file my_file-v4.cif (mmCIF, C-alpha atoms)
data_query
loop_
_atom_site.label_atom_id
_atom_site.label_comp_id
_atom_site.auth_asym_id
_atom_site.auth_seq_id
_atom_site.Cartn_x
_atom_site.Cartn_y
_atom_site.Cartn_z
CA MET A 1 0.00 0.00 0.00
CA THR A 2 1.35 3.42 -0.95
CA LYS A 3 1.91 5.67 2.00
CA ILE A 4 0.57 9.18 1.41
CA ARG A 5 2.05 11.90 3.58
CA LEU A 6 -0.06 15.01 4.14
CA TYR A 7 1.81 18.26 4.43
CA GLU A 8 0.60 21.34 6.27
CA LYS A 9 -0.82 23.99 3.93
CA PRO A 10 1.03 27.31 3.84
CA SER A 11 -0.52 30.12 5.86
CA LEU A 12 0.68 33.70 6.24
CA LYS A 13 0.92 33.28 9.99
CA LYS A 14 3.03 30.13 9.75
CA LEU A 15 5.20 31.65 7.01
CA THR A 16 5.87 34.71 9.20
CA GLU A 17 6.67 32.47 12.15
CA ILE A 18 9.21 30.42 10.16
CA PHE A 19 11.05 33.47 8.81
CA PHE A 20 10.98 35.08 12.26
CA ARG A 21 12.38 31.99 13.96
CA ILE A 22 15.10 31.18 11.44
CA GLY A 23 16.08 34.76 10.57
CA ASN A 24 16.54 35.90 14.14
CA THR A 25 18.20 32.89 15.67
CA THR A 26 20.68 31.99 12.93
CA PHE A 27 24.17 33.45 13.20
CA GLY A 28 26.74 33.23 10.43
CA GLY A 29 25.28 35.32 7.62
CA GLY A 30 22.97 34.87 4.66
CA TYR A 31 24.11 31.49 3.35
CA VAL A 32 23.46 29.80 6.69
CA THR A 33 19.98 31.33 6.85
CA ILE A 34 19.23 30.25 3.27
CA GLY A 35 20.31 26.71 4.10
CA MET A 36 18.04 26.60 7.14
CA LEU A 37 15.10 28.01 5.17
CA GLY A 38 15.67 25.43 2.42
CA ARG A 39 15.56 22.63 4.96
CA GLU A 40 12.31 23.96 6.42
CA LEU A 41 10.41 25.12 3.31
CA VAL A 42 11.61 22.66 0.66
CA ASP A 43 12.55 19.46 2.51
CA THR A 44 10.24 19.49 5.52
CA ARG A 45 7.10 21.36 4.50
CA HIS A 46 7.23 21.10 0.67
CA TRP A 47 5.81 24.63 0.34
CA ILE A 48 8.13 25.42 -2.56
CA SER A 49 9.98 23.25 -5.12
CA SER A 50 13.76 23.10 -5.06
CA GLU A 51 13.80 24.57 -8.62
CA LYS A 52 11.86 27.65 -7.51
CA PHE A 53 13.99 27.90 -4.38
CA ASP A 54 17.13 27.91 -6.58
CA LEU A 55 15.62 30.53 -8.90
CA ALA A 56 14.91 32.77 -5.90
CA PHE A 57 18.53 32.27 -4.75
CA ALA A 58 19.99 33.14 -8.19
CA LEU A 59 17.85 36.23 -8.68
CA ALA A 60 18.42 37.49 -5.14
CA ARG A 61 22.12 37.65 -5.99
CA VAL A 62 21.49 40.11 -8.81
CA THR A 63 18.91 42.15 -6.89
CA PRO A 64 20.27 45.40 -5.42
CA GLY A 65 20.65 45.54 -1.65
CA THR A 66 21.23 42.77 0.84
CA ASN A 67 20.93 39.40 -0.93
CA ILE A 68 19.33 37.48 1.93
CA ILE A 69 16.52 40.04 2.28
CA ALA A 70 15.79 39.87 -1.46
CA PHE A 71 15.88 36.09 -1.22
CA CYS A 72 13.24 36.14 1.53
CA ALA A 73 11.08 38.53 -0.51
CA ALA A 74 11.32 36.16 -3.50
CA VAL A 75 10.50 33.02 -1.53
CA GLY A 76 7.70 34.76 0.38
CA ALA A 77 6.23 36.00 -2.92
CA LEU A 78 6.45 32.56 -4.52
CA ILE A 79 4.57 30.98 -1.59
CA PHE A 80 2.07 33.69 -0.66
CA GLY A 81 2.26 36.61 -3.15
CA LEU A 82 3.11 40.18 -2.15
CA ALA A 83 1.76 39.70 1.39
CA GLY A 84 4.12 36.72 1.77
CA ALA A 85 7.06 38.82 0.55
CA VAL A 86 6.34 41.63 3.03
CA ALA A 87 5.75 39.19 5.91
CA ALA A 88 8.97 37.27 5.19
CA VAL A 89 11.13 40.39 4.92
CA VAL A 90 9.74 42.11 8.02
CA ALA A 91 9.81 38.92 10.13
CA LEU A 92 13.43 38.27 9.13
CA THR A 93 14.82 41.77 9.63
CA ALA A 94 12.74 43.81 12.12
CA PRO A 95 13.67 42.01 15.38
CA SER A 96 17.38 41.88 14.44
CA ALA A 97 17.27 45.56 13.51
CA VAL A 98 15.86 46.44 16.95
CA LEU A 99 18.60 44.38 18.56
CA ALA A 100 21.29 46.10 16.46
CA VAL A 101 20.02 49.54 17.57
CA LEU A 102 20.08 48.41 21.20
CA ILE A 103 23.69 47.26 20.74
CA VAL A 104 24.63 50.70 19.32
CA ARG A 105 22.97 52.35 22.32
CA GLY A 106 24.95 50.03 24.55
CA PHE A 107 28.18 51.09 22.82
CA GLU A 108 27.31 54.75 23.44
CA SER A 109 26.68 54.27 27.15
CA TRP A 110 29.83 52.17 27.56
CA GLN A 111 32.12 54.88 26.12
CA GLY A 112 33.64 55.68 29.56
CA ASN A 113 33.99 52.06 30.64
CA ARG A 114 37.54 50.72 30.09
CA ILE A 115 36.52 47.07 30.15
CA ALA A 116 33.70 47.53 27.65
CA MET A 117 35.88 49.68 25.39
CA ALA A 118 38.65 47.04 25.40
CA ALA A 119 36.13 44.42 24.26
CA ILE A 120 34.73 46.80 21.62
CA ALA A 121 38.26 47.61 20.35
CA GLY A 122 38.75 43.89 19.77
CA THR A 123 35.54 43.60 17.77
CA VAL A 124 36.31 46.74 15.74
CA ALA A 125 39.63 45.21 14.68
CA ALA A 126 37.84 41.95 13.79
CA VAL A 127 35.36 43.88 11.61
CA ALA A 128 38.25 45.48 9.70
CA GLY A 129 39.52 41.98 8.87
CA MET A 130 35.96 41.03 7.93
CA MET A 131 35.82 43.83 5.34
CA TRP A 132 38.98 42.55 3.64
CA SER A 133 37.50 39.07 3.64
CA THR A 134 34.35 40.43 1.96
CA ILE A 135 36.48 42.05 -0.76
CA TRP A 136 38.29 38.77 -1.37
CA THR A 137 34.98 36.86 -1.44
CA ILE A 138 33.65 39.21 -4.13
CA LEU A 139 36.84 39.08 -6.22
CA ARG A 140 37.74 35.38 -5.91
CA PRO A 141 35.19 33.96 -8.41
CA HIS A 142 36.36 36.47 -11.03
CA VAL A 143 40.07 35.69 -10.83
CA GLY A 144 41.72 33.21 -13.24
CA GLY A 145 42.84 33.53 -16.85
CA LEU A 146 44.52 36.51 -18.47
CA THR A 147 41.38 38.29 -19.72
CA ARG A 148 39.47 37.83 -16.48
CA ASN A 149 42.41 38.98 -14.38
CA LEU A 150 42.80 42.00 -16.63
CA GLN A 151 39.13 42.86 -16.07
CA VAL A 152 39.59 42.55 -12.31
CA VAL A 153 42.63 44.86 -12.39
CA LEU A 154 40.99 47.35 -14.73
CA ILE A 155 37.51 47.54 -13.17
CA ALA A 156 38.18 46.83 -9.48
CA GLY A 157 41.63 48.49 -9.48
CA GLY A 158 40.35 51.41 -11.53
CA GLY A 159 37.35 51.80 -9.21
CA PHE A 160 39.66 51.79 -6.19
CA LEU A 161 42.01 54.40 -7.69
CA ALA A 162 39.18 56.63 -8.91
CA SER A 163 37.63 56.63 -5.44
CA TRP A 164 40.78 56.67 -3.31
CA LYS A 165 43.06 58.95 -5.32
CA PHE A 166 40.66 61.14 -7.32
CA HIS A 167 37.68 61.12 -4.91
CA VAL A 168 35.19 60.16 -7.61
CA THR A 169 31.78 59.40 -6.03
CA PRO A 170 30.57 55.76 -6.09
CA LEU A 171 27.67 56.11 -8.57
CA PRO A 172 29.75 57.01 -11.66
CA ILE A 173 32.29 54.31 -10.75
CA ILE A 174 29.53 51.68 -10.58
CA ALA A 175 28.01 52.96 -13.84
CA VAL A 176 31.35 52.82 -15.67
CA GLY A 177 32.13 49.35 -14.25
CA THR A 178 28.76 48.04 -15.44
CA LEU A 179 29.25 49.61 -18.86
CA ILE A 180 32.74 48.10 -19.25
CA GLY A 181 31.32 44.72 -18.25
CA PHE A 182 28.48 45.08 -20.76
CA LEU A 183 30.81 46.04 -23.62
CA TRP A 184 33.68 43.69 -22.72
CA LYS A 185 31.81 40.42 -22.79
CA ASP A 186 33.30 37.68 -20.61
CA GLU A 187 33.93 34.65 -22.82
CA GLY A 188 35.44 32.63 -19.98
CA ARG A 189 33.93 30.57 -17.22
CA PRO A 190 30.33 31.19 -16.12
CA MET B 1 19.11 65.28 9.89
CA ASN B 2 16.03 65.42 7.66
CA LEU B 3 14.39 61.99 7.74
CA LEU B 4 13.39 61.91 4.08
CA LEU B 5 16.93 62.86 3.07
CA LEU B 6 18.29 60.19 5.42
CA TYR B 7 16.00 57.58 3.82
CA LEU B 8 16.96 58.64 0.30
CA LEU B 9 20.71 58.63 1.04
CA LEU B 10 20.54 55.16 2.59
CA LEU B 11 18.25 53.92 -0.20
CA LYS B 12 20.80 55.14 -2.75
CA ALA B 13 23.52 53.23 -0.90
CA SER B 14 21.36 50.13 -0.62
CA VAL B 15 20.14 50.16 -4.24
CA THR B 16 23.65 50.54 -5.67
CA SER B 17 25.13 47.61 -3.74
CA PHE B 18 24.80 43.86 -4.07
CA SER B 19 25.87 42.60 -0.67
CA GLY B 20 25.50 43.55 2.99
CA LEU B 21 28.70 45.57 3.27
CA GLY B 22 28.68 46.55 -0.41
CA SER B 23 26.86 49.76 0.46
CA LEU B 24 29.69 50.85 2.77
CA PRO B 25 31.56 53.03 0.20
CA MET B 26 28.43 55.02 -0.61
CA VAL B 27 27.52 55.39 3.08
CA ARG B 28 31.02 56.55 3.97
CA ASN B 29 31.07 58.99 1.08
CA ASP B 30 27.70 60.54 2.01
CA PHE B 31 27.83 60.46 5.81
CA VAL B 32 31.54 60.75 6.65
CA VAL B 33 33.18 62.55 3.72
CA GLU B 34 30.47 64.78 2.20
CA ARG B 35 28.11 65.65 5.07
CA ARG B 36 30.31 64.89 8.10
CA VAL B 37 27.35 63.53 10.06
CA LEU B 38 29.44 60.58 11.29
CA THR B 39 33.12 59.89 11.92
CA ASP B 40 34.98 56.82 10.64
CA HIS B 41 34.94 55.53 14.22
CA GLN B 42 31.14 55.83 14.47
CA LEU B 43 30.79 54.07 11.13
CA ASN B 44 33.03 51.27 12.39
CA MET B 45 30.85 50.99 15.52
CA ALA B 46 27.72 50.77 13.36
CA VAL B 47 29.27 47.92 11.36
CA VAL B 48 30.26 46.13 14.57
CA ALA B 49 26.74 46.50 16.02
CA GLY B 50 25.21 45.23 12.77
CA ARG B 51 27.42 42.15 12.84
CA THR B 52 27.21 41.35 16.55
CA GLY B 53 23.63 40.08 16.62
CA PRO B 54 21.80 37.70 14.29
CA GLY B 55 20.27 38.79 10.98
CA PRO B 56 21.57 40.09 7.66
CA ASN B 57 24.93 41.87 7.32
CA GLY B 58 23.24 44.95 5.88
CA LEU B 59 21.71 45.72 9.29
CA TYR B 60 24.54 48.15 9.91
CA LEU B 61 22.51 50.60 7.77
CA VAL B 62 19.91 50.76 10.56
CA CYS B 63 22.71 51.53 13.05
CA VAL B 64 24.09 54.26 10.78
CA ALA B 65 20.60 55.74 10.51
CA TYR B 66 20.19 55.57 14.29
CA ALA B 67 23.51 57.36 14.81
CA ALA B 68 22.46 60.06 12.32
CA GLY B 69 18.79 60.50 13.26
CA GLY B 70 17.94 58.68 16.50
CA PHE B 71 14.99 56.24 16.63
CA PRO B 72 13.01 57.88 13.79
CA GLY B 73 16.22 57.69 11.75
CA ALA B 74 16.55 53.99 12.56
CA VAL B 75 13.05 53.43 11.12
CA MET B 76 14.13 55.22 7.94
CA GLY B 77 17.26 53.07 7.84
CA PHE B 78 15.17 49.93 8.21
CA LEU B 79 12.88 51.01 5.35
CA ALA B 80 15.89 51.86 3.16
CA LEU B 81 17.37 48.45 3.94
CA ILE B 82 14.30 46.44 2.95
CA THR B 83 12.94 48.54 0.04
CA PRO B 84 15.31 47.24 -2.70
CA ALA B 85 14.52 43.62 -1.77
CA PHE B 86 11.09 43.93 -3.35
CA LEU B 87 12.70 44.60 -6.74
CA VAL B 88 13.24 40.85 -6.88
CA ILE B 89 9.53 40.33 -7.59
CA PRO B 90 9.43 42.10 -11.00
CA LEU B 91 12.98 40.81 -11.57
CA MET B 92 11.72 37.23 -11.23
CA ARG B 93 9.41 37.91 -14.16
CA TRP B 94 11.87 39.85 -16.32
CA LEU B 95 15.42 38.66 -15.61
CA GLY B 96 14.37 35.08 -14.94
CA LYS B 97 14.26 34.62 -18.71
CA ARG B 98 17.42 36.61 -19.45
CA ALA B 99 19.83 35.75 -16.60
CA ASP B 100 21.85 33.43 -18.84
CA ILE B 101 22.47 35.97 -21.61
CA PRO B 102 26.29 36.41 -21.61
CA ARG B 103 26.17 40.18 -22.00
CA VAL B 104 23.80 40.57 -19.03
CA ARG B 105 26.09 38.32 -16.97
CA SER B 106 29.13 40.37 -18.00
CA ALA B 107 27.42 43.65 -17.06
CA ILE B 108 26.59 42.23 -13.62
CA ARG B 109 30.20 41.09 -13.30
CA GLY B 110 31.45 44.58 -14.16
CA LEU B 111 29.16 45.99 -11.50
CA LEU B 112 30.43 43.55 -8.87
CA LEU B 113 34.07 44.30 -9.69
CA ALA B 114 33.48 48.06 -9.47
CA SER B 115 31.77 47.48 -6.09
CA ALA B 116 34.83 45.52 -4.91
CA GLY B 117 37.12 48.41 -5.90
CA LEU B 118 34.92 50.85 -3.99
CA LEU B 119 34.80 48.59 -0.96
CA LEU B 120 38.59 48.44 -1.06
CA SER B 121 38.78 52.22 -1.05
CA SER B 122 36.41 52.42 1.97
CA SER B 123 38.16 49.67 3.86
CA VAL B 124 41.52 51.46 3.95
CA PRO B 125 40.43 54.43 6.16
CA LEU B 126 38.24 52.18 8.34
CA THR B 127 41.17 49.80 8.81
CA LEU B 128 43.43 52.71 9.74
CA ASP B 129 40.83 53.84 12.29
CA ALA B 130 40.67 50.36 13.79
CA PHE B 131 44.48 50.03 13.89
CA THR B 132 45.79 50.77 17.38
CA GLY B 133 48.97 48.70 17.45
CA VAL B 134 50.29 45.17 17.05
CA PHE B 135 47.31 43.67 18.89
CA SER B 136 44.74 45.12 16.49
CA ALA B 137 46.85 44.15 13.46
CA VAL B 138 47.01 40.54 14.67
CA LEU B 139 43.25 40.52 15.27
CA MET B 140 42.54 41.94 11.82
CA THR B 141 44.72 39.33 10.14
CA ALA B 142 43.21 36.52 12.21
CA SER B 143 39.68 37.74 11.46
CA PHE B 144 40.45 37.85 7.73
CA ALA B 145 41.94 34.34 7.80
CA VAL B 146 39.11 32.84 9.86
CA LEU B 147 36.36 34.26 7.66
CA THR B 148 38.12 33.56 4.38
CA PHE B 149 39.47 30.08 4.98
CA THR B 150 37.15 28.50 7.56
CA ARG B 151 33.41 28.11 8.08
CA ILE B 152 33.46 29.37 11.64
CA ASP B 153 30.40 31.46 12.49
CA SER B 154 31.16 35.20 12.50
CA ALA B 155 29.34 35.51 15.87
CA TRP B 156 32.05 33.30 17.44
CA LEU B 157 34.69 35.46 15.82
CA MET B 158 33.20 38.62 17.34
CA LEU B 159 32.98 36.93 20.72
CA GLY B 160 36.60 35.77 20.47
CA ALA B 161 37.74 39.25 19.42
CA ALA B 162 35.93 40.83 22.38
CA ALA B 163 37.49 38.28 24.74
CA THR B 164 40.95 38.96 23.28
CA GLY B 165 40.37 42.69 23.78
CA LEU B 166 39.56 42.05 27.44
CA ALA B 167 42.58 39.77 27.84
CA THR B 168 44.96 42.46 26.55
CA LEU B 169 43.49 44.94 29.02
CA MET B 170 44.43 42.55 31.82
CA PHE B 171 48.02 42.33 30.56
CA HIS B 172 48.43 46.14 30.45
#
call {"tool": "encode", "arguments": {"input": "my_file-v4.cif", "output": "structure tokens"}}
result
Amino acid sequence: MTKIRLYEKPSLKKLTEIFFRIGNTTFGGGYVTIGMLGRELVDTRHWISSEKFDLAFALARVTPGTNIIAFCAAVGALIFGLAGAVAAVVALTAPSAVLAVLIVRGFESWQGNRIAMAAIAGTVAAVAGMMWSTIWTILRPHVGGLTRNLQVVLIAGGGFLASWKFHVTPLPIIAVGTLIGFLWKDEGRP
Amino acid sequence: MNLLLLYLLLLKASVTSFSGLGSLPMVRNDFVVERRVLTDHQLNMAVVAGRTGPGPNGLYLVCVAYAAGGFPGAVMGFLALITPAFLVIPLMRWLGKRADIPRVRSAIRGLLLASAGLLLSSSVPLTLDAFTGVFSAVLMTASFAVLTFTRIDSAWLMLGAAATGLATLMFH
């Protein structure tokens, strides 16, 4: 006899609850959150197919802003339309945003405390290293092969010089980088 | 600071970036260099606060907005952070069919590389602000290595860095 498993139907309340729970208890950045959401929404509840989940992931990467928030908007919209997108985004970000503001307030009131400032100095140094890691993470997939390396040097290096040395504002640098990319088609790896 | 202006400045930074910290160059340019609403140190603090708790990396925008405009500012920062995410809905209809076109891919690549160059230019002054001696240099290098070459959660890294900061205080 074939065993039929019944899955819970999606509801806006449940969707909000899932994004709230996973988004605000998962440390380690967007990819960890996406993994947890995939386990819950695709594997456990079957509310969305893995193909649609992957499409949401790919398009979130080319959506302006923070990728994980766009990803939640896409998945929420695929499951429950615009209301699902709004619920997913707000449930994922609002509580963490409140917490972040409370942390900033804490920093302000700890300014005169030597112990707190020593701990904060440690984290500030760690964040500086984090920024360099982010730069490397962005550049790494685009390195390899003469043409690709040349593009990295020209666009990323040129962007750096234009901003650092000539104080060009970010918008024109981004526009020129996009235009160079559009005109200088990458024939290499995907 | 005018709340609408604050929202629009942060929205501009958010819309022209493609990762959590990708908006940092634009934020620094508008808030530290052009308008002098924040110092590099305050910006560093906002990034730290955004990364200390759970949630997306881009949360530092809310902290920047709070530093510039108090609680109402933080609300504007939150709205600026989430607004671009909804672009994914029309994008799913439009770009879903065109994402594999090589020229579209190359344009996106050009955009990402330009963003990396800008991030590099913003990271230099923020790194100089965070540099206080050998201890901070070691922490920066260790943080870079841990995040780049291991899968250790960044929350543990922040905790470890704070503990190291406390330990050095005890030795001085």
call {"tool": "atom_distance", "arguments": {"input": "my_file-v4.cif", "atom1": "atom CA of B:Leu38", "atom2": "atom CA of A:Trp164"}}
result
18.9 Å
call {"tool": "resolve_selection", "arguments": {"input": "my_file-v4.cif", "expression": "the PyMOL selection byres ((chain A and resi 62) around 9)", "output": "VMD selection string"}}
result
(chain A and resid 58 to 61 63 to 64 67) or (chain B and resid 18 88 91 108)
call {"tool": "residues_around", "arguments": {"input": "my_file-v4.cif", "residues": "stretch 157-167 of chain B", "least_positions_apart": "4", "cutoff": "6 Å", "atoms": "only C-alpha atoms", "output": "JSON list (two decimals) with C-alpha atoms, in the frame of the given file"}}
result
[["chain", "number", "residue", "atom", "x", "y", "z"],
["A", 118, "ALA", "CA", 38.65, 47.04, 25.40],
["A", 119, "ALA", "CA", 36.13, 44.42, 24.26],
["A", 122, "GLY", "CA", 38.75, 43.89, 19.77],
["A", 123, "THR", "CA", 35.54, 43.60, 17.77]]
call {"tool": "atom_distance", "arguments": {"input": "my_file-v4.cif", "atom1": "atom CA of B:Ser122", "atom2": "atom CA of B:Pro25"}}
result
5.2 Å
call {"tool": "resolve_selection", "arguments": {"input": "my_file-v4.cif", "expression": "the PyMOL selection byres ((chain B) within 6 of (chain A))", "output": "ChimeraX atom specification"}}
result
/B:14-15,17-20,26,49-50,54-55,58,63,84-85,88,103,106-107,110-111,113-114,116-118,121,127,130,136,139-141,143-144,148,153-154,158,161-162,165-166
call {"tool": "residues_around", "arguments": {"input": "my_file-v4.cif", "residues": "stretch 37-45 of chain A", "least_positions_apart": "4", "cutoff": "8 Å", "atoms": "only C-alpha atoms", "output": "list in words"}}
result
Tyr7, Glu8, Phe19, Ile22, Thr33, Ser49, Ser50 and Phe53 of chain A
call {"tool": "atom_distance", "arguments": {"input": "my_file-v4.cif", "atom1": "atom CA of B:Leu24", "atom2": "atom CA of A:Phe166"}}
result
18.1 Å
call {"tool": "closest_residue", "arguments": {"input": "my_file-v4.cif", "among": "B:Leu126, B:Leu120, B:Leu11, B:Leu112", "to": "B:Ala46", "atoms": "all atoms listed in the file"}}
result
B:Leu126
call {"tool": "decode", "arguments": {"input": "my_file-v4.cif", "residues": "stretch 43-74 of chain A", "atoms": "N, CA and C atoms", "output": "CSV table (one decimal), in the first residue's frame"}}
result
chain,number,residue,atom,x,y,z
A,43,ASP,N,12.4,20.9,2.1
A,43,ASP,CA,12.5,19.5,2.5
A,43,ASP,C,11.4,19.1,3.5
A,44,THR,N,11.2,19.9,4.5
A,44,THR,CA,10.2,19.5,5.5
A,44,THR,C,8.8,19.8,5.1
A,45,ARG,N,8.5,21.0,4.7
A,45,ARG,CA,7.1,21.4,4.5
A,45,ARG,C,6.6,21.2,3.1
A,46,HIS,N,7.6,21.2,2.1
A,46,HIS,CA,7.2,21.1,0.7
A,46,HIS,C,6.3,22.3,0.2
A,47,TRP,N,6.6,23.5,0.7
A,47,TRP,CA,5.8,24.6,0.3
A,47,TRP,C,6.3,25.2,-1.0
A,48,ILE,N,7.5,24.9,-1.3
A,48,ILE,CA,8.1,25.4,-2.6
A,48,ILE,C,9.0,24.3,-3.2
A,49,SER,N,9.1,24.3,-4.5
A,49,SER,CA,10.0,23.3,-5.1
A,49,SER,C,11.4,23.7,-5.0
A,50,SER,N,12.3,22.7,-5.1
A,50,SER,CA,13.8,23.1,-5.1
A,50,SER,C,14.2,24.0,-6.3
A,51,GLU,N,13.5,23.8,-7.4
A,51,GLU,CA,13.8,24.6,-8.6
A,51,GLU,C,13.5,26.0,-8.4
A,52,LYS,N,12.3,26.3,-7.8
A,52,LYS,CA,11.9,27.7,-7.5
A,52,LYS,C,12.7,28.3,-6.4
A,53,PHE,N,13.1,27.4,-5.5
A,53,PHE,CA,14.0,27.9,-4.4
A,53,PHE,C,15.3,28.4,-5.0
A,54,ASP,N,15.9,27.6,-5.9
A,54,ASP,CA,17.1,27.9,-6.6
A,54,ASP,C,17.0,29.2,-7.4
A,55,LEU,N,15.8,29.3,-8.1
A,55,LEU,CA,15.6,30.5,-8.9
A,55,LEU,C,15.6,31.8,-8.0
A,56,ALA,N,15.0,31.7,-6.9
A,56,ALA,CA,14.9,32.8,-5.9
A,56,ALA,C,16.3,33.1,-5.4
A,57,PHE,N,17.1,32.1,-5.2
A,57,PHE,CA,18.5,32.3,-4.7
A,57,PHE,C,19.3,33.0,-5.8
A,58,ALA,N,19.2,32.5,-7.1
A,58,ALA,CA,20.0,33.1,-8.2
A,58,ALA,C,19.6,34.6,-8.4
A,59,LEU,N,18.3,34.9,-8.4
A,59,LEU,CA,17.8,36.2,-8.7
A,59,LEU,C,18.1,37.2,-7.5
A,60,ALA,N,18.1,36.6,-6.3
A,60,ALA,CA,18.4,37.5,-5.1
A,60,ALA,C,19.8,38.0,-5.2
A,61,ARG,N,20.7,37.2,-5.9
A,61,ARG,CA,22.1,37.6,-6.0
A,61,ARG,C,22.3,38.8,-6.9
A,62,VAL,N,21.4,39.0,-7.9
A,62,VAL,CA,21.5,40.1,-8.8
A,62,VAL,C,20.5,41.2,-8.5
A,63,THR,N,19.8,41.1,-7.3
A,63,THR,CA,18.9,42.1,-6.9
A,63,THR,C,19.7,43.1,-6.0
A,64,PRO,N,19.5,44.4,-6.3
A,64,PRO,CA,20.3,45.4,-5.4
A,64,PRO,C,19.9,45.2,-3.9
A,65,GLY,N,20.9,45.6,-3.1
A,65,GLY,CA,20.6,45.5,-1.7
A,65,GLY,C,21.2,44.3,-1.1
A,66,THR,N,20.7,44.0,0.1
A,66,THR,CA,21.2,42.8,0.8
A,66,THR,C,20.6,41.5,0.3
A,67,ASN,N,21.4,40.6,-0.2
A,67,ASN,CA,20.9,39.4,-0.9
A,67,ASN,C,19.9,38.6,-0.1
A,68,ILE,N,20.2,38.4,1.1
A,68,ILE,CA,19.3,37.5,1.9
A,68,ILE,C,17.9,38.1,2.1
A,69,ILE,N,17.8,39.4,2.1
A,69,ILE,CA,16.5,40.0,2.3
A,69,ILE,C,15.7,39.9,1.0
A,70,ALA,N,16.4,40.1,-0.2
A,70,ALA,CA,15.8,39.9,-1.5
A,70,ALA,C,15.4,38.4,-1.6
A,71,PHE,N,16.2,37.5,-1.1
A,71,PHE,CA,15.9,36.1,-1.2
A,71,PHE,C,14.6,35.8,-0.5
A,72,CYS,N,14.5,36.4,0.7
A,72,CYS,CA,13.2,36.1,1.5
A,72,CYS,C,12.0,36.7,0.8
A,73,ALA,N,12.2,37.9,0.2
A,73,ALA,CA,11.1,38.5,-0.5
A,73,ALA,C,10.7,37.6,-1.7
A,74,ALA,N,11.6,37.0,-2.4
A,74,ALA,CA,11.3,36.2,-3.5
A,74,ALA,C,10.6,34.9,-3.0
